[in-house]
file input_21.pdb (PDB, C-alpha atoms)
ATOM      1  CA  MET V  88      16.957 -66.033 -63.141
ATOM      2  CA  ALA V  89      19.914 -64.165 -64.601
ATOM      3  CA  ARG V  90      20.653 -60.748 -63.169
ATOM      4  CA  THR V  91      19.687 -59.183 -66.522
ATOM      5  CA  PRO V  92      16.955 -61.442 -67.910
ATOM      6  CA  SER V  93      15.941 -61.579 -71.543
ATOM      7  CA  ALA V  94      12.493 -60.561 -72.697
ATOM      8  CA  ALA V  95      11.723 -64.221 -73.401
ATOM      9  CA  GLN V  96      12.348 -65.026 -69.730
ATOM     10  CA  VAL V  97       9.830 -62.491 -68.428
ATOM     11  CA  LEU V  98       7.142 -61.958 -71.092
ATOM     12  CA  GLY V  99       4.446 -64.560 -70.685
ATOM     13  CA  HIS V 100       5.859 -65.400 -67.276
ATOM     14  CA  VAL V 101       5.455 -64.377 -63.629
ATOM     15  CA  VAL V 102       8.458 -63.286 -61.555
ATOM     16  CA  LEU V 103       7.829 -63.819 -57.842
ATOM     17  CA  VAL V 104      10.171 -61.673 -55.731
ATOM     18  CA  THR V 105      10.313 -62.700 -52.063
ATOM     19  CA  GLY V 106      12.384 -61.579 -49.086
ATOM     20  CA  LYS V 107      13.137 -58.699 -46.754
ATOM     21  CA  GLU V 108      16.160 -57.202 -48.524
ATOM     22  CA  GLU V 109      14.526 -54.209 -50.194
ATOM     23  CA  TYR V 110      17.496 -53.262 -52.359
ATOM     24  CA  LEU V 111      17.756 -56.699 -53.966
ATOM     25  CA  SER V 112      14.001 -56.790 -54.548
ATOM     26  CA  ALA V 113      14.049 -53.353 -56.144
ATOM     27  CA  ARG V 114      16.904 -54.391 -58.416
ATOM     28  CA  THR V 115      15.044 -57.498 -59.573
ATOM     29  CA  VAL V 116      11.981 -55.406 -60.402
ATOM     30  CA  ALA V 117      14.158 -52.921 -62.308
ATOM     31  CA  SER V 118      15.839 -55.717 -64.263
ATOM     32  CA  VAL V 119      12.469 -57.052 -65.460
ATOM     33  CA  ARG V 120      11.376 -53.583 -66.522
ATOM     34  CA  ASP V 121      14.661 -53.042 -68.339
ATOM     35  CA  ALA V 122      14.259 -56.332 -70.195
ATOM     36  CA  VAL V 123      10.764 -55.370 -71.335
ATOM     37  CA  ARG V 124      11.847 -51.873 -72.412
ATOM     38  CA  ALA V 125      14.804 -53.330 -74.327
ATOM     39  CA  HIS V 126      12.370 -55.571 -76.206
ATOM     40  CA  ASP V 127       9.885 -52.788 -76.902
ATOM     41  CA  GLY V 128      10.718 -49.170 -76.223
ATOM     42  CA  ASP V 129       7.017 -48.297 -76.259
ATOM     43  CA  ALA V 130       6.057 -50.954 -73.729
ATOM     44  CA  GLU V 131       3.748 -49.740 -70.986
ATOM     45  CA  MET V 132       4.538 -49.970 -67.284
ATOM     46  CA  ALA V 133       1.836 -50.475 -64.663
ATOM     47  CA  GLU V 134       2.024 -50.840 -60.892
ATOM     48  CA  SER V 135      -0.384 -51.616 -58.076
ATOM     49  CA  GLN V 136      -0.500 -52.503 -54.421
ATOM     50  CA  ALA V 137      -1.773 -56.022 -53.823
ATOM     51  CA  SER V 138      -4.242 -54.658 -51.272
ATOM     52  CA  ASP V 139      -5.978 -52.812 -54.134
ATOM     53  CA  LEU V 140      -5.861 -55.726 -56.572
ATOM     54  CA  THR V 141      -9.007 -57.253 -57.986
ATOM     55  CA  LEU V 142      -9.478 -59.515 -60.989
ATOM     56  CA  ALA V 143     -10.868 -56.514 -62.876
ATOM     57  CA  SER V 144      -7.914 -54.241 -62.048
ATOM     58  CA  LEU V 145      -5.424 -56.979 -62.957
ATOM     59  CA  GLY V 146      -7.210 -57.387 -66.273
ATOM     60  CA  GLU V 147      -7.038 -53.651 -66.914
ATOM     61  CA  MET V 148      -3.309 -53.521 -66.184
ATOM     62  CA  SER V 149      -2.481 -56.545 -68.322
ATOM     63  CA  ALA V 150      -4.759 -55.752 -71.269
ATOM     64  CA  PRO V 151      -3.145 -54.267 -74.409
ATOM     65  CA  SER V 152      -3.657 -50.579 -75.133
ATOM     66  CA  LEU V 153      -3.956 -48.667 -78.396
ATOM     67  CA  PHE V 154      -0.255 -47.818 -78.232
ATOM     68  CA  SER V 155       1.434 -51.052 -77.219
ATOM     69  CA  SER V 156       0.531 -54.671 -76.563
ATOM     70  CA  ILE V 157       3.678 -55.244 -74.479
ATOM     71  CA  ARG V 158       3.312 -54.476 -70.765
ATOM     72  CA  CYS V 159       5.145 -54.889 -67.501
ATOM     73  CA  VAL V 160       2.923 -55.111 -64.436
ATOM     74  CA  VAL V 161       4.342 -54.881 -60.902
ATOM     75  CA  VAL V 162       2.210 -55.822 -57.900
ATOM     76  CA  ARG V 163       3.785 -54.914 -54.550
ATOM     77  CA  GLY V 164       2.907 -56.036 -51.032
ATOM     78  CA  LEU V 165       1.656 -59.463 -52.068
ATOM     79  CA  GLU V 166       1.310 -60.343 -48.388
ATOM     80  CA  ASP V 167      -1.657 -57.916 -48.263
ATOM     81  CA  LEU V 168      -3.585 -59.519 -51.133
ATOM     82  CA  PRO V 169      -7.298 -59.718 -50.180
ATOM     83  CA  ASP V 170      -8.671 -63.243 -49.815
ATOM     84  CA  GLU V 171     -11.300 -62.600 -52.460
ATOM     85  CA  SER V 172      -8.583 -61.780 -55.036
ATOM     86  CA  VAL V 173      -6.449 -64.902 -54.493
ATOM     87  CA  ASP V 174      -8.266 -67.199 -56.908
ATOM     88  CA  GLY V 175      -8.273 -64.568 -59.646
ATOM     89  CA  LEU V 176      -4.537 -63.956 -59.346
ATOM     90  CA  LEU V 177      -3.741 -67.659 -59.273
ATOM     91  CA  GLY V 178      -5.927 -68.188 -62.320
ATOM     92  CA  TYR V 179      -4.040 -65.531 -64.260
ATOM     93  CA  CYS V 180      -0.638 -66.844 -63.153
ATOM     94  CA  ALA V 181      -1.566 -70.335 -64.331
ATOM     95  CA  ALA V 182      -1.929 -68.995 -67.891
ATOM     96  CA  PRO V 183      -0.316 -65.552 -68.151
ATOM     97  CA  SER V 184      -0.598 -63.390 -71.256
ATOM     98  CA  ASP V 185       2.271 -63.803 -73.724
ATOM     99  CA  ASP V 186       2.704 -60.031 -73.999
ATOM    100  CA  VAL V 187       2.836 -59.285 -70.272
ATOM    101  CA  ALA V 188       5.618 -59.547 -67.716
ATOM    102  CA  LEU V 189       4.028 -59.802 -64.268
ATOM    103  CA  VAL V 190       6.162 -59.178 -61.166
ATOM    104  CA  LEU V 191       4.758 -60.050 -57.746
ATOM    105  CA  VAL V 192       6.662 -58.644 -54.763
ATOM    106  CA  HIS V 193       6.314 -60.220 -51.307
ATOM    107  CA  GLY V 194       8.091 -58.497 -48.422
ATOM    108  CA  GLY V 195       8.941 -61.677 -46.522
ATOM    109  CA  GLY V 196       7.493 -63.114 -43.343
ATOM    110  CA  GLN V 197       4.655 -65.565 -42.792
ATOM    111  CA  LYS V 198       1.774 -63.361 -43.877
ATOM    112  CA  GLY V 199       0.508 -64.496 -47.245
ATOM    113  CA  SER V 200       2.612 -67.675 -47.177
ATOM    114  CA  GLY V 201      -0.330 -69.733 -48.395
ATOM    115  CA  VAL V 202      -0.471 -67.759 -51.628
ATOM    116  CA  LEU V 203       3.294 -68.169 -52.074
ATOM    117  CA  THR V 204       2.996 -71.938 -51.717
ATOM    118  CA  LYS V 205       0.373 -72.088 -54.463
ATOM    119  CA  LEU V 206       2.279 -69.728 -56.764
ATOM    120  CA  ARG V 207       5.472 -71.771 -56.456
ATOM    121  CA  LYS V 208       3.659 -74.797 -57.888
ATOM    122  CA  LEU V 209       2.797 -72.997 -61.143
ATOM    123  CA  ALA V 210       5.030 -73.621 -64.159
ATOM    124  CA  ALA V 211       4.946 -70.012 -65.324
ATOM    125  CA  VAL V 212       6.211 -68.662 -61.976
ATOM    126  CA  THR V 213       9.915 -68.078 -61.316
ATOM    127  CA  GLU V 214      10.905 -67.124 -57.771
ATOM    128  CA  VAL V 215      13.763 -64.739 -57.066
ATOM    129  CA  LYS V 216      14.676 -64.587 -53.375
ATOM    130  CA  SER V 217      15.914 -61.335 -51.814
ATOM    131  CA  GLU V 218      17.307 -62.782 -48.621
ATOM    132  CA  GLU V 219      18.984 -60.531 -46.088
ATOM    133  CA  VAL V 220      22.762 -60.508 -46.377
ATOM    134  CA  LYS V 221      24.525 -61.195 -43.080
ATOM    135  CA  ALA V 222      27.500 -59.099 -41.998
ATOM    136  CA  SER V 223      29.825 -62.051 -42.571
ATOM    137  CA  GLU V 224      28.510 -62.369 -46.133
ATOM    138  CA  MET V 225      29.166 -58.756 -47.147
ATOM    139  CA  PRO V 226      32.625 -59.370 -48.706
ATOM    140  CA  ALA V 227      31.150 -62.195 -50.778
ATOM    141  CA  PHE V 228      28.391 -59.841 -51.925
ATOM    142  CA  VAL V 229      31.036 -57.332 -53.036
ATOM    143  CA  THR V 230      32.921 -60.061 -54.898
ATOM    144  CA  SER V 231      29.714 -61.085 -56.662
ATOM    145  CA  GLU V 232      28.928 -57.483 -57.586
ATOM    146  CA  VAL V 233      32.367 -56.972 -59.075
ATOM    147  CA  ALA V 234      32.093 -60.254 -60.977
ATOM    148  CA  SER V 235      28.760 -59.148 -62.448
ATOM    149  CA  HIS V 236      30.680 -56.331 -64.141
ATOM    150  CA  GLY V 237      33.152 -58.801 -65.597
ATOM    151  CA  ALA V 238      35.918 -57.948 -63.126
ATOM    152  CA  ARG V 239      37.699 -59.501 -60.136
ATOM    153  CA  ILE V 240      38.531 -58.253 -56.650
ATOM    154  CA  THR V 241      40.938 -59.707 -54.107
ATOM    155  CA  PRO V 242      39.459 -60.949 -50.794
ATOM    156  CA  ASP V 243      41.296 -58.332 -48.717
ATOM    157  CA  ALA V 244      40.083 -55.560 -51.043
ATOM    158  CA  ALA V 245      36.475 -56.743 -50.731
ATOM    159  CA  THR V 246      36.781 -56.831 -46.943
ATOM    160  CA  PHE V 247      38.308 -53.359 -46.864
ATOM    161  CA  LEU V 248      35.504 -51.966 -49.017
ATOM    162  CA  VAL V 249      32.922 -53.294 -46.575
ATOM    163  CA  GLN V 250      34.835 -51.814 -43.645
ATOM    164  CA  ALA V 251      35.105 -48.460 -45.424
ATOM    165  CA  ILE V 252      31.502 -48.150 -46.595
ATOM    166  CA  GLY V 253      29.440 -50.248 -44.205
ATOM    167  CA  SER V 254      26.690 -52.807 -44.718
ATOM    168  CA  ASP V 255      24.304 -50.888 -46.958
ATOM    169  CA  LEU V 256      23.962 -53.010 -50.107
ATOM    170  CA  ARG V 257      23.072 -50.085 -52.352
ATOM    171  CA  SER V 258      26.253 -48.256 -51.335
ATOM    172  CA  LEU V 259      28.385 -51.361 -51.814
ATOM    173  CA  ALA V 260      26.881 -52.018 -55.244
ATOM    174  CA  ALA V 261      27.456 -48.406 -56.287
ATOM    175  CA  ALA V 262      31.054 -48.581 -55.081
ATOM    176  CA  ALA V 263      31.647 -51.805 -57.020
ATOM    177  CA  ASP V 264      30.213 -50.206 -60.137
ATOM    178  CA  GLN V 265      32.413 -47.131 -59.714
ATOM    179  CA  LEU V 266      35.581 -49.134 -59.159
ATOM    180  CA  THR V 267      35.044 -51.476 -62.102
ATOM    181  CA  ASN V 268      34.411 -48.509 -64.380
ATOM    182  CA  ASP V 269      37.507 -46.653 -63.209
ATOM    183  CA  PHE V 270      39.772 -49.717 -63.412
ATOM    184  CA  PRO V 271      38.532 -51.540 -66.521
ATOM    185  CA  ASP V 272      40.090 -54.922 -67.242
ATOM    186  CA  GLU V 273      42.109 -54.734 -64.003
ATOM    187  CA  GLN V 274      41.865 -56.820 -60.852
ATOM    188  CA  LEU V 275      40.735 -54.676 -57.939
ATOM    189  CA  THR V 276      43.380 -54.777 -55.223
ATOM    190  CA  ILE V 277      43.297 -53.257 -51.769
ATOM    191  CA  GLU V 278      45.583 -50.471 -53.015
ATOM    192  CA  LYS V 279      43.073 -49.488 -55.707
ATOM    193  CA  VAL V 280      40.152 -49.599 -53.267
ATOM    194  CA  GLN V 281      42.063 -47.534 -50.707
ATOM    195  CA  ARG V 282      42.754 -44.926 -53.358
ATOM    196  CA  TYR V 283      39.023 -44.210 -53.489
ATOM    197  CA  PHE V 284      37.682 -45.190 -50.100
ATOM    198  CA  GLY V 285      40.665 -45.021 -47.772
ATOM    199  CA  GLY V 286      42.289 -42.011 -46.147
ATOM    200  CA  ARG V 287      40.401 -39.790 -43.747
ATOM    201  CA  ALA V 288      37.581 -41.754 -42.202
ATOM    202  CA  GLU V 289      35.675 -38.491 -41.675
ATOM    203  CA  ALA V 290      35.176 -38.131 -45.415
ATOM    204  CA  LYS V 291      33.177 -41.310 -45.829
ATOM    205  CA  SER V 292      29.531 -41.063 -46.712
ATOM    206  CA  PHE V 293      28.505 -42.788 -43.472
ATOM    207  CA  THR V 294      30.329 -40.150 -41.451
ATOM    208  CA  VAL V 295      28.282 -37.477 -43.217
ATOM    209  CA  ALA V 296      25.148 -39.403 -42.271
ATOM    210  CA  ASP V 297      26.281 -39.924 -38.673
ATOM    211  CA  ALA V 298      26.919 -36.198 -38.228
ATOM    212  CA  ALA V 299      23.575 -35.256 -39.787
ATOM    213  CA  PHE V 300      21.545 -37.689 -37.674
ATOM    214  CA  ALA V 301      23.438 -36.542 -34.579
ATOM    215  CA  GLY V 302      22.291 -32.978 -35.320
ATOM    216  CA  ARG V 303      25.815 -31.671 -35.985
ATOM    217  CA  ARG V 304      24.844 -29.720 -39.093
ATOM    218  CA  ALA V 305      28.055 -27.691 -39.462
ATOM    219  CA  GLN V 306      30.224 -30.802 -39.249
ATOM    220  CA  ALA V 307      27.914 -32.717 -41.586
ATOM    221  CA  LEU V 308      28.115 -29.953 -44.203
ATOM    222  CA  GLU V 309      31.893 -29.769 -43.886
ATOM    223  CA  GLU V 310      32.288 -33.524 -44.293
ATOM    224  CA  LEU V 311      29.828 -33.562 -47.190
ATOM    225  CA  ARG V 312      31.772 -30.923 -49.098
ATOM    226  CA  TRP V 313      35.063 -32.670 -48.386
ATOM    227  CA  ALA V 314      33.644 -36.000 -49.533
ATOM    228  CA  LEU V 315      32.198 -34.592 -52.754
ATOM    229  CA  ASP V 316      35.424 -32.730 -53.527
ATOM    230  CA  ALA V 317      37.288 -36.010 -53.052
ATOM    231  CA  GLY V 318      35.075 -37.674 -55.676
ATOM    232  CA  THR V 319      32.595 -39.581 -53.497
ATOM    233  CA  ALA V 320      29.575 -40.541 -55.605
ATOM    234  CA  THR V 321      26.418 -38.675 -54.575
ATOM    235  CA  VAL V 322      24.453 -41.922 -54.533
ATOM    236  CA  LEU V 323      26.745 -43.213 -51.781
ATOM    237  CA  VAL V 324      25.737 -40.277 -49.573
ATOM    238  CA  THR V 325      21.990 -40.798 -50.016
ATOM    239  CA  SER V 326      22.456 -44.528 -49.506
ATOM    240  CA  ALA V 327      24.301 -43.895 -46.253
ATOM    241  CA  MET V 328      21.610 -41.463 -45.128
ATOM    242  CA  ALA V 329      18.917 -44.033 -45.948
ATOM    243  CA  ALA V 330      20.773 -46.766 -44.073
ATOM    244  CA  SER V 331      21.139 -44.549 -40.978
ATOM    245  CA  ALA V 332      17.455 -43.622 -41.064
ATOM    246  CA  ARG V 333      16.409 -47.266 -41.324
ATOM    247  CA  SER V 334      18.732 -48.282 -38.506
ATOM    248  CA  ILE V 335      17.335 -45.645 -36.149
ATOM    249  CA  ALA V 336      13.742 -46.520 -37.107
ATOM    250  CA  ARG V 337      14.410 -50.203 -36.440
ATOM    251  CA  TYR V 338      16.100 -49.403 -33.122
ATOM    252  CA  LEU V 339      13.097 -47.352 -31.995
ATOM    253  CA  GLY V 340      10.900 -50.379 -32.704
ATOM    254  CA  ALA V 341      13.268 -52.996 -31.255
ATOM    255  CA  PRO V 342      12.585 -54.721 -27.917
ATOM    256  CA  ARG V 343      14.151 -52.945 -24.962
ATOM    257  CA  GLY V 344      16.975 -54.737 -23.171
ATOM    258  CA  ALA V 345      18.106 -56.688 -26.242
ATOM    259  CA  ARG V 346      21.790 -57.629 -26.450
ATOM    260  CA  ASP V 347      24.053 -55.789 -28.880
ATOM    261  CA  GLY V 348      24.513 -58.903 -30.995
ATOM    262  CA  ASP V 349      20.766 -59.344 -31.361
ATOM    263  CA  LEU V 350      20.317 -55.642 -32.044
ATOM    264  CA  ALA V 351      22.984 -55.754 -34.747
ATOM    265  CA  ARG V 352      21.034 -58.463 -36.566
ATOM    266  CA  GLU V 353      17.768 -56.596 -36.070
ATOM    267  CA  LEU V 354      19.187 -53.302 -37.335
ATOM    268  CA  GLY V 355      21.226 -54.811 -40.153
ATOM    269  CA  VAL V 356      24.456 -53.147 -38.997
ATOM    270  CA  PRO V 357      27.852 -54.414 -37.777
ATOM    271  CA  PRO V 358      28.036 -54.915 -33.984
ATOM    272  CA  TRP V 359      30.340 -51.918 -33.552
ATOM    273  CA  LYS V 360      27.664 -49.675 -35.122
ATOM    274  CA  VAL V 361      25.009 -50.464 -32.511
ATOM    275  CA  ARG V 362      26.363 -47.960 -29.979
ATOM    276  CA  THR V 363      26.268 -45.164 -32.577
ATOM    277  CA  VAL V 364      22.679 -45.994 -33.496
ATOM    278  CA  ARG V 365      21.708 -46.165 -29.813
ATOM    279  CA  ASP V 366      23.196 -42.743 -29.119
ATOM    280  CA  GLN V 367      21.538 -41.207 -32.171
ATOM    281  CA  SER V 368      18.122 -42.692 -31.440
ATOM    282  CA  ARG V 369      17.832 -40.927 -28.081
ATOM    283  CA  ALA V 370      17.138 -37.655 -29.899
ATOM    284  CA  TRP V 371      14.660 -39.049 -32.431
ATOM    285  CA  SER V 372      10.927 -39.676 -32.229
ATOM    286  CA  PRO V 373       9.061 -42.056 -34.558
ATOM    287  CA  ASP V 374       7.385 -39.105 -36.334
ATOM    288  CA  ALA V 375      10.684 -37.297 -36.836
ATOM    289  CA  ILE V 376      12.489 -40.356 -38.207
ATOM    290  CA  ALA V 377       9.541 -41.011 -40.550
ATOM    291  CA  ALA V 378       9.918 -37.472 -41.890
ATOM    292  CA  ALA V 379      13.653 -38.047 -42.288
ATOM    293  CA  VAL V 380      13.034 -41.240 -44.287
ATOM    294  CA  GLN V 381      10.745 -39.287 -46.629
ATOM    295  CA  ALA V 382      13.333 -36.520 -47.027
ATOM    296  CA  VAL V 383      16.052 -39.030 -47.912
ATOM    297  CA  ALA V 384      13.799 -40.754 -50.447
ATOM    298  CA  ALA V 385      12.977 -37.420 -52.119
ATOM    299  CA  ALA V 386      16.653 -36.423 -52.281
ATOM    300  CA  ASP V 387      17.624 -39.821 -53.679
ATOM    301  CA  ALA V 388      15.050 -39.445 -56.462
ATOM    302  CA  ASP V 389      16.274 -35.921 -57.164
ATOM    303  CA  ILE V 390      19.924 -36.804 -57.643
ATOM    304  CA  LYS V 391      18.981 -39.745 -59.860
ATOM    305  CA  GLY V 392      17.347 -37.586 -62.460
ATOM    306  CA  ARG V 393      15.311 -34.623 -61.305
ATOM    307  CA  ALA V 394      17.860 -32.323 -59.665
ATOM    308  CA  HIS V 395      20.033 -29.861 -61.575
ATOM    309  CA  ASP V 396      22.498 -29.536 -58.693
ATOM    310  CA  ALA V 397      23.108 -32.739 -56.734
ATOM    311  CA  SER V 398      25.435 -30.979 -54.281
ATOM    312  CA  TYR V 399      22.723 -28.489 -53.344
ATOM    313  CA  THR V 400      20.228 -31.335 -52.965
ATOM    314  CA  LEU V 401      22.543 -33.134 -50.539
ATOM    315  CA  GLU V 402      23.264 -29.970 -48.546
ATOM    316  CA  ARG V 403      19.530 -29.348 -48.218
ATOM    317  CA  LEU V 404      19.036 -32.966 -47.108
ATOM    318  CA  VAL V 405      21.726 -32.669 -44.423
ATOM    319  CA  LEU V 406      20.144 -29.470 -43.066
ATOM    320  CA  THR V 407      16.661 -31.007 -43.134
ATOM    321  CA  VAL V 408      17.723 -34.147 -41.261
ATOM    322  CA  ALA V 409      19.713 -32.201 -38.662
ATOM    323  CA  GLY V 410      16.748 -29.872 -38.176
ATOM    324  CA  LEU V 411      14.305 -32.731 -37.695
ATOM    325  CA  ARG V 412      16.489 -34.149 -34.946
ATOM    326  CA  GLU V 413      16.396 -30.831 -33.113
ATOM    327  CA  THR V 414      12.615 -30.509 -33.250
ATOM    328  CA  ARG V 415      11.777 -33.536 -31.139
TER     329      ARG V 415
END
call {"tool": "encode", "arguments": {"input": "input_21.pdb", "output": "structure tokens"}}
result
Amino acid sequence: MARTPSAAQVLGHVVLVTGKEEYLSARTVASVRDAVRAHDGDAEMAESQASDLTLASLGEMSAPSLFSSIRCVVVRGLEDLPDESVDGLLGYCAAPSDDVALVLVHGGGQKGSGVLTKLRKLAAVTEVKSEEVKASEMPAFVTSEVASHGARITPDAATFLVQAIGSDLRSLAAAADQLTNDFPDEQLTIEKVQRYFGGRAEAKSFTVADAAFAGRRAQALEELRWALDAGTATVLVTSAMAASARSIARYLGAPRGARDGDLARELGVPPWKVRTVRDQSRAWSPDAIAAAVQAVAAADADIKGRAHDASYTLERLVLTVAGLRETR
């Protein structure tokens, strides 16, 4: 499926999103919704967890309303679909409504694989895989992102961008978007990338996150203000905070005694980052890191539309995260 599908590709069809890379899955879901909204600005959006799905609830979500016959229905956590709902879902997917775009999201793994096998055999189902991007594949991801904006980037510039920002896909995608907008119709060279993301390493969004999760609130606030003054996009900061929170949460759940190389793959970070995550995790409990994840998610939503002052939102986030670390 194209990155930005047409309404004809999704209405009357089922998009099956599979894989562990949450950012890529979220972007696929958003692209389907955007396609439906572009076709009909009054189209209705519905969402459900697969664990709550029944044939009746699916019918309610996909049925036309008084206001619009066009709908986009997203069902998340397909791996948790109850056994008694499988036949009903498969029956719908075999002959989906022409006015409905149905998106089924499976988080990866073996659970629910039987349902996936049956769905893949249906003509109306198109699978979009959200496979995890390895560290060695990050520069290629950047190159692909830049190309999706109709631009080009040199290999050394793509590698430098990954080194400067890290392995969080959301941050890399946001950086690619920023660079292609600021240098329209120009090839992105390492000099152009360095102009935005080079210089003082302390000003990078991941350094703000590292300081916050290490409990160094004064340093985190100083680096945040410096980064924002230097033009760092606010979304890069929340993305870095989210990536740090996920890495610590994964480390807390990782097997003890694992080698750094194995931990790097488990955490989704470069090998050199494992020591930082290990040091940070010593001062975090599972409950505290769960609260931090929620705080980051709320701040991310705020700066993407609800907050009047993104800088204040980020400062509050930094103080909240640093405070949670101290309360273990």
call {"tool": "residues_around", "arguments": {"input": "input_21.pdb", "residues": "His126 of chain V", "least_positions_apart": "4", "cutoff": "12 Å", "atoms": "all atoms listed in the file", "output": "compact mmCIF listing (two decimals) with C-alpha atoms, keeping the file's coordinate frame"}}
result
# COMPACT_ATOMS: atom_id res chain seq x y z
CA PRO V 92 16.95 -61.44 -67.91
CA SER V 93 15.94 -61.58 -71.54
CA ALA V 94 12.49 -60.56 -72.70
CA ALA V 95 11.72 -64.22 -73.40
CA GLN V 96 12.35 -65.03 -69.73
CA VAL V 97 9.83 -62.49 -68.43
CA LEU V 98 7.14 -61.96 -71.09
CA VAL V 119 12.47 -57.05 -65.46
CA ARG V 120 11.38 -53.58 -66.52
CA ASP V 121 14.66 -53.04 -68.34
CA ALA V 122 14.26 -56.33 -70.19
CA ALA V 130 6.06 -50.95 -73.73
CA GLU V 131 3.75 -49.74 -70.99
CA SER V 155 1.43 -51.05 -77.22
CA SER V 156 0.53 -54.67 -76.56
CA ILE V 157 3.68 -55.24 -74.48
CA ARG V 158 3.31 -54.48 -70.76
CA CYS V 159 5.14 -54.89 -67.50
CA ASP V 186 2.70 -60.03 -74.00
CA VAL V 187 2.84 -59.28 -70.27
CA ALA V 188 5.62 -59.55 -67.72
call {"tool": "axis_aligned_box", "arguments": {"input": "input_21.pdb", "around": "segment 315-330 of chain V", "padding_each_side": "6 Å", "output": "JSON"}}
result
{"center_x": 28.1, "center_y": -39.7, "center_z": -49.9, "size_x": 30.4, "size_y": 26.0, "size_z": 23.6}
call {"tool": "residues_near_point", "arguments": {"input": "input_21.pdb", "point": "(-6.8, -55.1, -56.1)", "cutoff": "10 Å", "atoms": "all atoms listed in the file", "output": "short mmCIF file (atom, residue, chain, number, x, y, z; two decimals) with C-alpha atoms, in the coordinates of the input"}}
result
data_model
loop_
_atom_site.label_atom_id
_atom_site.label_comp_id
_atom_site.auth_asym_id
_atom_site.auth_seq_id
_atom_site.Cartn_x
_atom_site.Cartn_y
_atom_site.Cartn_z
CA SER V 135 -0.38 -51.62 -58.08
CA GLN V 136 -0.50 -52.50 -54.42
CA ALA V 137 -1.77 -56.02 -53.82
CA SER V 138 -4.24 -54.66 -51.27
CA ASP V 139 -5.98 -52.81 -54.13
CA LEU V 140 -5.86 -55.73 -56.57
CA THR V 141 -9.01 -57.25 -57.99
CA LEU V 142 -9.48 -59.52 -60.99
CA ALA V 143 -10.87 -56.51 -62.88
CA SER V 144 -7.91 -54.24 -62.05
CA LEU V 145 -5.42 -56.98 -62.96
CA VAL V 162 2.21 -55.82 -57.90
CA ASP V 167 -1.66 -57.92 -48.26
CA LEU V 168 -3.58 -59.52 -51.13
CA PRO V 169 -7.30 -59.72 -50.18
CA GLU V 171 -11.30 -62.60 -52.46
CA SER V 172 -8.58 -61.78 -55.04
CA VAL V 173 -6.45 -64.90 -54.49
CA LEU V 176 -4.54 -63.96 -59.35
#
call {"tool": "resolve_selection", "arguments": {"input": "input_21.pdb", "expression": "the PyMOL selection byres ((chain V and resi 271-281) around 10)", "output": "ChimeraX atom specification"}}
result
/V:230,233,236-248,251,262-263,266-270,282-286
call {"tool": "resolve_selection", "arguments": {"input": "input_21.pdb", "expression": "the PyMOL selection byres ((chain V and resi 320) around 9)", "output": "JSON, numbers by chain"}}
result
{"V": [261, 262, 265, 292, 314, 315, 318, 319, 321, 322, 323, 324]}
call {"tool": "residues_near_point", "arguments": {"input": "input_21.pdb", "point": "(23.7, -40.4, -30.9)", "cutoff": "10 Å", "atoms": "all atoms listed in the file", "output": "mmCIF file with C-alpha atoms, in the coordinates of the input"}}
result
data_model
loop_
_atom_site.group_PDB
_atom_site.id
_atom_site.type_symbol
_atom_site.label_atom_id
_atom_site.label_comp_id
_atom_site.auth_asym_id
_atom_site.auth_seq_id
_atom_site.Cartn_x
_atom_site.Cartn_y
_atom_site.Cartn_z
ATOM 1 C CA ASP V 297 26.281 -39.924 -38.673
ATOM 2 C CA ALA V 298 26.919 -36.198 -38.228
ATOM 3 C CA PHE V 300 21.545 -37.689 -37.674
ATOM 4 C CA ALA V 301 23.438 -36.542 -34.579
ATOM 5 C CA GLY V 302 22.291 -32.978 -35.320
ATOM 6 C CA ILE V 335 17.335 -45.645 -36.149
ATOM 7 C CA ARG V 362 26.363 -47.960 -29.979
ATOM 8 C CA THR V 363 26.268 -45.164 -32.577
ATOM 9 C CA VAL V 364 22.679 -45.994 -33.496
ATOM 10 C CA ARG V 365 21.708 -46.165 -29.813
ATOM 11 C CA ASP V 366 23.196 -42.743 -29.119
ATOM 12 C CA GLN V 367 21.538 -41.207 -32.171
ATOM 13 C CA SER V 368 18.122 -42.692 -31.440
ATOM 14 C CA ARG V 369 17.832 -40.927 -28.081
ATOM 15 C CA ALA V 370 17.138 -37.655 -29.899
ATOM 16 C CA TRP V 371 14.660 -39.049 -32.431
#
call {"tool": "residues_around", "arguments": {"input": "input_21.pdb", "residues": "Leu203 of chain V", "least_positions_apart": "4", "cutoff": "9 Å", "atoms": "all atoms listed in the file", "output": "PyMOL selection string"}}
result
chain V and resi 103+105+165-166+193+199+207-208
call {"tool": "resolve_selection", "arguments": {"input": "input_21.pdb", "expression": "the PyMOL selection byres ((chain V and resi 161) around 7)", "output": "short mmCIF file (atom, residue, chain, number, x, y, z; two decimals) with C-alpha atoms, in the frame of the given file"}}
result
data_model
loop_
_atom_site.label_atom_id
_atom_site.label_comp_id
_atom_site.auth_asym_id
_atom_site.auth_seq_id
_atom_site.Cartn_x
_atom_site.Cartn_y
_atom_site.Cartn_z
CA ALA V 133 1.84 -50.48 -64.66
CA GLU V 134 2.02 -50.84 -60.89
CA SER V 135 -0.38 -51.62 -58.08
CA CYS V 159 5.14 -54.89 -67.50
CA VAL V 160 2.92 -55.11 -64.44
CA VAL V 162 2.21 -55.82 -57.90
CA ARG V 163 3.78 -54.91 -54.55
CA LEU V 189 4.03 -59.80 -64.27
CA VAL V 190 6.16 -59.18 -61.17
CA LEU V 191 4.76 -60.05 -57.75
#
call {"tool": "residues_around", "arguments": {"input": "input_21.pdb", "residues": "Gly194 of chain V", "least_positions_apart": "6", "cutoff": "7 Å", "atoms": "all atoms listed in the file", "output": "count of residues only"}}
result
4
